[in-house]
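start26.txt (compact mmCIF, C-alpha atoms)
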# COMPACT_ATOMS: atom_id res chain seq x y z
CA MET A 1 3.27 -20.83 1.01
CA THR A 2 -0.34 -21.07 2.14
CA SER A 3 -2.51 -19.33 4.69
CA THR A 4 -3.32 -21.16 7.89
CA LEU A 5 -6.81 -19.67 8.04
CA THR A 6 -9.70 -22.01 7.39
CA GLU A 7 -12.68 -19.65 7.11
CA PRO A 8 -13.49 -19.36 3.40
CA MET A 9 -14.10 -15.98 1.83
CA THR A 10 -17.01 -16.97 -0.38
CA SER A 11 -18.02 -13.53 -1.59
CA THR A 12 -18.21 -12.71 -5.28
CA LEU A 13 -17.40 -9.50 -7.08
CA THR A 14 -21.07 -8.55 -7.02
CA GLU A 15 -21.73 -9.37 -3.36
CA PRO A 16 -22.43 -6.32 -1.16
CA MET A 17 -19.25 -4.76 0.19
CA THR A 18 -20.64 -4.78 3.75
CA SER A 19 -20.64 -8.58 3.74
CA THR A 20 -17.14 -8.78 2.27
CA PHE A 21 -15.88 -6.18 4.74
CA ALA A 22 -17.37 -7.98 7.75
CA THR A 23 -15.75 -11.23 6.64
CA ALA A 24 -12.43 -9.50 6.03
CA LEU A 25 -12.53 -7.90 9.48
CA ARG A 26 -12.98 -11.27 11.15
CA ARG A 27 -10.19 -12.79 9.12
CA SER A 28 -7.86 -9.85 9.80
CA ALA A 29 -8.30 -10.23 13.54
CA ARG A 30 -7.36 -13.90 13.28
CA LEU A 31 -4.43 -13.07 11.01
CA GLU A 32 -3.04 -10.65 13.56
CA GLU A 33 -3.17 -13.42 16.16
CA LEU A 34 -1.25 -15.73 13.84
CA ILE A 35 1.33 -13.03 13.10
CA ARG A 36 1.91 -12.57 16.82
CA GLU A 37 2.36 -16.32 17.23
CA ASP A 38 4.66 -16.79 14.22
CA ALA A 39 4.93 -14.43 11.26
CA GLY A 40 7.32 -16.75 9.41
CA PRO A 41 4.71 -18.50 7.21
CA PHE A 42 3.51 -15.21 5.72
CA ARG A 43 4.74 -13.72 2.46
CA ILE A 44 3.43 -10.17 2.11
CA LEU A 45 3.13 -8.04 -1.02
CA THR A 46 2.68 -4.31 -0.67
CA GLY A 47 3.82 -1.21 -2.54
CA ASP A 48 3.30 2.26 -3.97
CA ARG A 49 3.05 4.06 -7.26
CA PRO A 50 5.96 6.50 -7.79
CA THR A 51 3.78 9.56 -8.39
CA GLY A 52 5.12 11.90 -5.70
CA ASP A 53 6.67 12.19 -2.27
CA LEU A 54 5.48 9.83 0.44
CA HIS A 55 3.92 11.77 3.31
CA LEU A 56 2.84 11.41 6.93
CA GLY A 57 -0.45 9.81 5.90
CA HIS A 58 1.51 7.08 4.13
CA TYR A 59 3.76 6.58 7.13
CA PHE A 60 1.00 6.05 9.68
CA GLY A 61 -1.26 4.38 7.12
CA THR A 62 1.06 1.74 5.63
CA LEU A 63 4.79 2.32 5.95
CA ALA A 64 5.14 1.77 9.70
CA ASN A 65 3.05 -1.38 9.35
CA ARG A 66 5.48 -2.77 6.76
CA VAL A 67 8.35 -2.35 9.17
CA ARG A 68 6.29 -3.98 11.92
CA LEU A 69 5.56 -7.03 9.78
CA GLN A 70 9.17 -7.26 8.62
CA ASP A 71 10.43 -7.07 12.19
CA ALA A 72 7.90 -9.70 13.25
CA GLY A 73 9.57 -12.13 10.83
CA ALA A 74 7.27 -12.07 7.81
CA GLU A 75 8.74 -12.02 4.31
CA VAL A 76 7.88 -8.62 2.85
CA LEU A 77 8.08 -7.65 -0.83
CA VAL A 78 7.69 -3.94 -1.57
CA LEU A 79 6.65 -3.11 -5.12
CA ILE A 80 7.40 0.19 -6.81
CA ALA A 81 4.60 0.13 -9.36
CA ASP A 82 6.20 2.22 -12.09
CA TYR A 83 4.09 0.78 -14.93
CA GLN A 84 0.93 1.60 -13.00
CA VAL A 85 1.80 5.29 -13.02
CA LEU A 86 0.37 5.17 -16.54
CA THR A 87 -3.06 3.94 -15.45
CA ASP A 88 -4.38 7.46 -14.85
CA ARG A 89 -1.95 9.73 -16.70
CA ASP A 90 -0.54 9.94 -20.20
CA THR A 91 3.15 10.08 -19.26
CA ALA A 92 5.29 9.23 -16.26
CA ASP A 93 7.08 12.46 -15.36
CA ARG A 94 10.42 12.45 -13.51
CA LEU A 95 10.06 8.70 -13.04
CA ASP A 96 13.67 7.93 -12.14
CA GLU A 97 13.66 10.66 -9.50
CA GLN A 98 10.37 9.48 -8.04
CA VAL A 99 11.42 5.82 -7.94
CA MET A 100 14.70 6.56 -6.21
CA GLY A 101 12.86 8.85 -3.78
CA LEU A 102 10.67 5.92 -2.77
CA VAL A 103 13.71 3.71 -2.22
CA LEU A 104 15.28 6.36 0.02
CA ASP A 105 12.06 6.71 2.02
CA TYR A 106 11.76 2.94 2.45
CA LEU A 107 15.31 2.59 3.69
CA ALA A 108 15.02 5.63 5.96
CA ILE A 109 11.93 4.33 7.78
CA GLY A 110 13.54 0.95 8.43
CA ILE A 111 12.82 -1.37 5.50
CA ASP A 112 15.85 -3.66 5.60
CA PRO A 113 16.93 -4.96 2.17
CA ALA A 114 18.56 -7.94 3.87
CA ARG A 115 15.12 -9.06 5.08
CA SER A 116 12.72 -7.45 2.60
CA THR A 117 12.72 -7.12 -1.18
CA ILE A 118 12.27 -3.73 -2.88
CA PHE A 119 11.65 -4.02 -6.63
CA ALA A 120 10.10 -2.24 -9.63
CA HIS A 121 7.41 -3.47 -12.03
CA SER A 122 9.30 -2.74 -15.20
CA ALA A 123 12.35 -4.78 -14.16
CA VAL A 124 10.46 -8.04 -13.56
CA SER A 125 9.35 -9.35 -16.93
CA GLY A 126 8.02 -12.65 -15.56
CA LEU A 127 5.54 -10.80 -13.36
CA ASN A 128 4.14 -8.84 -16.30
CA GLN A 129 3.95 -11.92 -18.53
CA LEU A 130 1.53 -13.51 -16.05
CA MET A 131 -1.04 -10.93 -17.10
CA LEU A 132 -1.69 -12.82 -20.35
CA PRO A 133 -3.03 -16.08 -18.87
CA PHE A 134 -4.71 -14.12 -16.07
CA LEU A 135 -6.63 -11.96 -18.55
CA SER A 136 -8.12 -15.13 -20.03
CA LEU A 137 -9.64 -15.95 -16.65
CA VAL A 138 -11.82 -12.85 -16.20
CA THR A 139 -14.58 -11.30 -18.29
CA ALA A 140 -14.86 -7.72 -19.44
CA GLY A 141 -18.06 -7.46 -17.41
CA GLU A 142 -16.27 -8.44 -14.21
CA LEU A 143 -13.65 -5.78 -14.81
CA ARG A 144 -16.28 -3.18 -15.68
CA ARG A 145 -18.22 -3.84 -12.45
CA ASN A 146 -15.17 -3.52 -10.20
CA PRO A 147 -15.97 -0.49 -7.97
CA THR A 148 -12.33 0.51 -7.58
CA VAL A 149 -11.86 0.56 -11.35
CA LYS A 150 -14.98 2.70 -11.70
CA ASP A 151 -13.57 5.16 -9.17
CA GLU A 152 -10.17 5.24 -10.90
CA ILE A 153 -11.84 5.96 -14.22
CA ALA A 154 -13.96 8.72 -12.70
CA HIS A 155 -10.89 10.47 -11.32
CA SER A 156 -8.57 9.76 -14.24
CA ARG A 157 -6.29 12.40 -15.69
CA GLN A 158 -6.62 10.79 -19.10
CA SER A 159 -9.07 11.90 -21.77
CA SER A 160 -10.19 8.29 -22.34
CA VAL A 161 -9.95 4.95 -20.58
CA SER A 162 -6.80 3.06 -21.54
CA GLY A 163 -6.54 -0.72 -21.66
CA LEU A 164 -4.02 -0.52 -18.84
CA MET A 165 -6.48 1.23 -16.57
CA PHE A 166 -9.27 -1.17 -17.47
CA THR A 167 -7.07 -4.19 -16.70
CA TYR A 168 -5.42 -2.63 -13.65
CA PRO A 169 -6.90 -5.21 -11.22
CA VAL A 170 -5.48 -8.05 -13.32
CA HIS A 171 -2.05 -6.43 -13.27
CA GLN A 172 -2.41 -6.13 -9.51
CA ALA A 173 -3.28 -9.84 -9.36
CA ALA A 174 -0.02 -10.56 -11.17
CA ASP A 175 1.80 -8.38 -8.62
CA ILE A 176 0.45 -10.48 -5.79
CA LEU A 177 0.52 -13.94 -7.32
CA PHE A 178 3.90 -13.86 -9.08
CA CYS A 179 5.52 -14.33 -5.67
CA LYS A 180 2.66 -16.42 -4.28
CA ALA A 181 1.98 -13.84 -1.58
CA ASN A 182 -0.55 -15.10 0.93
CA LEU A 183 -1.17 -11.83 2.76
CA VAL A 184 -1.85 -8.34 1.40
CA PRO A 185 -2.34 -5.30 3.66
CA VAL A 186 -5.21 -3.27 2.21
CA GLY A 187 -7.81 -0.67 3.02
CA GLN A 188 -11.52 -1.37 2.60
CA ASP A 189 -11.55 0.28 -0.84
CA GLN A 190 -9.01 -2.26 -2.11
CA LEU A 191 -11.03 -5.35 -1.14
CA PRO A 192 -12.61 -5.70 -4.63
CA HIS A 193 -9.13 -5.83 -6.19
CA LEU A 194 -8.00 -8.51 -3.78
CA GLU A 195 -11.18 -10.51 -4.29
CA LEU A 196 -10.50 -10.49 -8.03
CA THR A 197 -6.98 -11.76 -7.29
CA ARG A 198 -8.47 -14.59 -5.24
CA LEU A 199 -10.89 -15.35 -8.08
CA ILE A 200 -8.07 -15.47 -10.64
CA ALA A 201 -6.02 -17.78 -8.42
CA ARG A 202 -9.01 -20.07 -7.90
CA ARG A 203 -9.92 -20.19 -11.58
CA PHE A 204 -6.33 -20.84 -12.64
CA ASN A 205 -5.97 -23.71 -10.17
CA GLU A 206 -9.26 -25.22 -11.35
CA ARG A 207 -8.50 -24.87 -15.05
CA TYR A 208 -4.90 -26.06 -14.80
CA PRO A 209 -4.73 -28.57 -11.93
CA GLY A 210 -1.47 -30.04 -13.18
CA GLY A 211 -1.93 -33.21 -11.16
CA GLY A 212 -0.36 -31.76 -8.02
CA SER A 213 -0.92 -29.05 -5.44
CA PRO A 214 -2.50 -25.73 -6.58
CA VAL A 215 -0.07 -23.34 -8.25
CA PHE A 216 -1.39 -20.21 -6.54
CA PRO A 217 -2.61 -19.48 -3.00
CA GLU A 218 -5.74 -17.39 -2.49
CA PRO A 219 -4.25 -14.46 -0.61
CA ASP A 220 -5.86 -13.01 2.49
CA ALA A 221 -6.52 -9.34 3.18
CA LEU A 222 -4.93 -7.82 6.25
CA LEU A 223 -7.21 -4.85 6.79
CA SER A 224 -5.55 -1.67 7.88
CA SER A 225 -6.74 -0.05 11.09
CA ALA A 226 -4.79 3.08 10.18
CA PRO A 227 -6.38 6.36 11.29
CA LEU A 228 -7.40 8.90 8.67
CA LEU A 229 -5.18 11.97 8.60
CA LEU A 230 -6.52 14.97 6.73
CA GLY A 231 -4.38 17.28 4.64
CA THR A 232 -3.57 20.83 5.66
CA ASP A 233 -6.59 22.05 3.67
CA GLY A 234 -9.00 19.77 5.53
CA GLY A 235 -9.36 17.38 2.57
CA LYS A 236 -7.93 13.92 2.06
CA MET A 237 -4.14 13.98 2.41
CA SER A 238 -2.81 13.34 -1.07
CA LYS A 239 0.40 13.61 -3.07
CA SER A 240 -1.43 15.36 -5.89
CA ARG A 241 -3.38 17.93 -3.88
CA GLY A 242 -0.45 19.82 -2.37
CA ASN A 243 -1.88 19.40 1.14
CA ALA A 244 0.52 16.82 2.58
CA ILE A 245 3.62 16.93 4.75
CA ALA A 246 6.27 14.86 3.01
CA LEU A 247 8.50 12.50 4.95
CA ARG A 248 11.46 14.33 3.46
CA ALA A 249 10.20 17.79 4.52
CA THR A 250 12.57 19.84 6.67
CA ALA A 251 11.65 21.03 10.15
CA ASP A 252 11.03 24.55 8.81
CA GLU A 253 8.86 23.30 5.95
CA THR A 254 6.88 21.20 8.41
CA ALA A 255 6.32 24.22 10.68
CA ARG A 256 5.17 26.34 7.75
CA LEU A 257 2.73 23.72 6.48
CA ILE A 258 1.23 23.07 9.91
CA LYS A 259 0.95 26.80 10.60
CA GLY A 260 -1.24 27.12 7.49
CA ALA A 261 -3.39 24.08 8.31
CA LYS A 262 -7.14 24.57 8.45
CA THR A 263 -8.80 24.53 11.90
CA ASP A 264 -12.05 26.13 13.12
CA ALA A 265 -13.25 29.15 15.10
CA ARG A 266 -13.58 27.51 18.54
CA ARG A 267 -10.73 28.28 20.92
CA HIS A 268 -11.07 25.24 23.18
CA ILE A 269 -9.32 22.22 21.66
CA SER A 270 -11.18 18.92 21.78
CA TYR A 271 -10.93 15.58 20.00
CA ASP A 272 -14.18 15.09 18.11
CA PRO A 273 -13.52 13.70 14.60
CA ALA A 274 -17.17 13.89 13.53
CA ALA A 275 -17.88 17.47 14.61
CA ARG A 276 -14.36 18.95 14.33
CA PRO A 277 -12.50 16.95 11.64
CA GLU A 278 -9.68 19.43 10.93
CA VAL A 279 -8.83 20.10 14.57
CA SER A 280 -9.15 16.42 15.45
CA SER A 281 -6.84 15.38 12.62
CA LEU A 282 -4.12 17.67 13.96
CA VAL A 283 -4.67 16.35 17.49
CA LEU A 284 -4.45 12.80 16.15
CA LEU A 285 -1.22 13.55 14.31
CA ALA A 286 0.38 14.83 17.53
CA ALA A 287 -0.90 11.76 19.38
CA LEU A 288 0.46 9.33 16.77
CA CYS A 289 3.85 11.02 16.82
CA THR A 290 4.08 10.84 20.62
CA ASP A 291 2.35 7.46 21.10
CA ARG A 292 -0.37 9.04 23.21
CA ASP A 293 -4.15 9.04 23.33
CA PRO A 294 -5.63 11.92 21.27
CA VAL A 295 -8.19 12.77 23.94
CA SER A 296 -5.45 13.40 26.49
CA VAL A 297 -3.45 15.46 23.97
CA ALA A 298 -6.49 17.66 23.33
CA ALA A 299 -7.20 18.03 27.05
CA GLU A 300 -3.62 19.13 27.67
CA ILE A 301 -3.92 21.89 25.08
CA GLY A 302 -7.37 22.89 26.31
CA ASP A 303 -8.02 26.62 25.91
CA GLY A 304 -4.68 27.24 24.23
CA GLY A 305 -6.42 27.54 20.88
CA ALA A 306 -5.22 26.80 17.37
CA ALA A 307 -1.82 28.41 17.92
CA ALA A 308 -1.00 26.09 20.82
CA LEU A 309 -2.36 23.11 18.91
CA LYS A 310 -0.20 23.83 15.89
CA ARG A 311 2.84 24.41 18.08
CA THR A 312 2.26 21.03 19.77
CA VAL A 313 1.83 19.26 16.44
CA THR A 314 4.91 20.86 14.93
CA GLU A 315 7.10 19.81 17.85
CA ALA A 316 5.68 16.29 17.85
CA VAL A 317 6.17 15.75 14.10
CA ASN A 318 9.67 17.18 14.02
CA ASP A 319 10.77 15.19 17.08
CA ARG A 320 9.31 11.95 15.71
CA PHE A 321 10.72 12.26 12.20
CA ALA A 322 14.10 13.89 12.92
CA PRO A 323 15.94 10.53 12.97
CA ILE A 324 14.20 9.36 9.79
CA ARG A 325 15.02 12.59 7.99
CA ALA A 326 18.62 12.44 9.15
CA ARG A 327 18.91 8.87 7.93
CA ARG A 328 17.37 9.81 4.60
CA GLY A 329 19.89 12.61 4.21
CA GLU A 330 22.75 10.20 4.81
CA LEU A 331 21.34 7.75 2.26
CA ALA A 332 20.78 10.48 -0.33
CA ALA A 333 24.45 11.43 -0.08
CA ASP A 334 25.31 8.03 -1.57
CA PRO A 335 22.80 7.54 -4.43
CA GLY A 336 24.70 4.50 -5.63
CA HIS A 337 23.66 2.59 -2.51
CA ALA A 338 19.94 3.08 -3.16
CA ARG A 339 20.37 2.00 -6.77
CA ARG A 340 22.22 -1.13 -5.69
CA VAL A 341 19.43 -1.96 -3.25
CA LEU A 342 16.84 -1.61 -6.01
CA ARG A 343 18.93 -3.56 -8.51
CA ASP A 344 19.45 -6.41 -6.04
CA GLY A 345 15.75 -6.42 -5.15
CA CYS A 346 14.73 -6.53 -8.81
CA ALA A 347 17.07 -9.48 -9.40
CA ARG A 348 15.60 -11.31 -6.42
CA ALA A 349 12.02 -10.61 -7.56
CA SER A 350 12.88 -11.68 -11.11
CA ALA A 351 14.17 -15.04 -9.87
CA ILE A 352 10.90 -15.58 -8.00
CA ALA A 353 8.85 -14.55 -11.04
CA ASP A 354 10.80 -16.81 -13.39
CA ALA A 355 10.27 -19.80 -11.11
CA THR A 356 6.53 -19.10 -10.95
CA LEU A 357 6.32 -18.60 -14.70
CA THR A 358 8.11 -21.92 -15.30
CA GLU A 359 5.54 -23.63 -13.10
CA VAL A 360 2.68 -21.88 -14.91
CA ARG A 361 3.98 -22.91 -18.31
CA ALA A 362 4.33 -26.51 -17.14
CA VAL A 363 0.73 -26.87 -15.96
CA MET A 364 -0.54 -25.06 -19.07
CA GLY A 365 1.37 -27.43 -21.35
CA MET A 366 3.58 -24.66 -22.74
CA ARG A 367 6.97 -26.02 -21.81
CA TYR A 368 8.64 -26.41 -25.20
Once more with this new file: its structure as structure tokens, please.
Amino acid sequence: MTSTLTEPMTSTLTEPMTSTFATALRRSARLEELIREDAGPFRILTGDRPTGDLHLGHYFGTLANRVRLQDAGAEVLVLIADYQVLTDRDTADRLDEQVMGLVLDYLAIGIDPARSTIFAHSAVSGLNQLMLPFLSLVTAGELRRNPTVKDEIAHSRQSSVSGLMFTYPVHQAADILFCKANLVPVGQDQLPHLELTRLIARRFNERYPGGGSPVFPEPDALLSSAPLLLGTDGGKMSKSRGNAIALRATADETARLIKGAKTDARRHISYDPAARPEVSSLVLLAALCTDRDPVSVAAEIGDGGAAALKRTVTEAVNDRFAPIRARRGELAADPGHARRVLRDGCARASAIADATLTEVRAVMGMRY
């Protein structure tokens, strides 16, 4: 499965991010055109680490986009990256609960296991085995210079840098290439990881030509245009900071969290993300939930002040997510169903990984 784009992404891991980002933006615009024409040729890999409840930032940032791509006809694989929980922490707490919570969230928002594959790292041995040949294709210096790795290390919960954290981008390359994904939705900060994946694919194909077509595609980045939603404290919305509204939150919990959200001292409500980030983030949340323009939402509230703003946001969020929460409740009442979905997805992903690994062994001369 190969991309139909012809513009090469010739950047290296040391090329300025502005150049890489500009190239990725152009490619993403073309990719969206191709998806509208026919999404069938695209195999998409995306996923999450099971480190806490998914929240509204996740929904508008990535989750809704997964459903859009699935419904457009693309093949979507959703990875629950349970091994990667250990990249920045010493133990994986309540892992089973967190993994099953992700499955419930995925199903509730509309991921259809008949059309998409939900699977977990630890259940797909062929995927993880690809890390060994992939590690031989990159240098320690290339890993050390990766800006995303540097950021992960800086914010790590571990007392020292583990080998898993250091090689995280190579593991991510295995995530993408085991299924020969040719499209990966990412934010700008993830471009270095994807560029390393492209580099690994290119180097593998050059080193092990096998006399036929290349084993791995060089996957494209589909850049997210998702708006930034701030947490209730005015900082980045995050699972770990206690400032997010979970998808599974009740209507009362949502009202309480929004009531305590940070705003500012000005009574008149306006949409000005640069000058009024906290107020504007709340306005944007109401707009996203009601499919409206944030400027018109702010104008409608006008001199109503923070109380009216928070009331508007609370109603919008609870109205938008009531069906999703109801569906999640129904799914949670039958935990066996979610486990069957995950088990079936892991079996499907394992079959894909085994086929890829067989091909890799053949071109490497390791078929004994």
Pick from A:His58, A:Arg49, A:Lys180, A:Arg328, whichever lies nearest to Ala244 of chain A using only C-alpha atoms | A:His58
Name the residues in contact with segment 67-82 of chain A at a cut-off of 6 Å, using only C-alpha atoms, excluding same-chain residues fewer than 6 positions from it; report them as number ranges by chain.
-> A: 39-40, 42-49, 111, 116-121
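Nearest residue to Arg327 of chain A among A:Leu247, A:Leu135, A:Leu222, A:Leu177 is A:Leu247, counting only C-alpha atoms.
Minimum atom-to-atom distances from A:Ala221, A:Ala173, A:Leu127, A:Ala108 to Ser28 of chain A were compared using all atoms listed in the file, and the lowest value belongs to A:Ala221.
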Close residues, Gly302 of chain A itself excluded, 12 Å, all atoms listed in the file, min 6 positions apart in chain, as a PyMOL selection string = chain A and resi 266-271+283+295-296+308-309+312
Using all atoms listed in the file, the shortest atom-to-atom distance to Leu104 of chain A among A:Ala287, A:Arg248, A:Ala201, A:Pro277 belongs to A:Arg248
Once you add 6 Å to each side, what are the centre and edge lengths of the axis-aligned box holding all listed atoms of segment 326-337 of chain A? One decimal in Å, as lines of an AutoDock Vina configuration file, if you can.
center_x = 21.3
center_y = 7.6
center_z = 1.8
size_x = 19.9
size_y = 22.0
size_z = 26.8
Shell around segment 92-101 of chain A at 8 Å using all atoms listed in the file, local window under 3 positions removed, as JSON, numbers by chain | {"A": [50, 51, 52, 53, 80, 82, 85, 86, 89, 104, 105, 338, 339]}
Could you state the separation of atom CA of Arg320 of chain A and atom CA of His337 of chain A in Å, given to one decimal place?
-> 25.0 Å
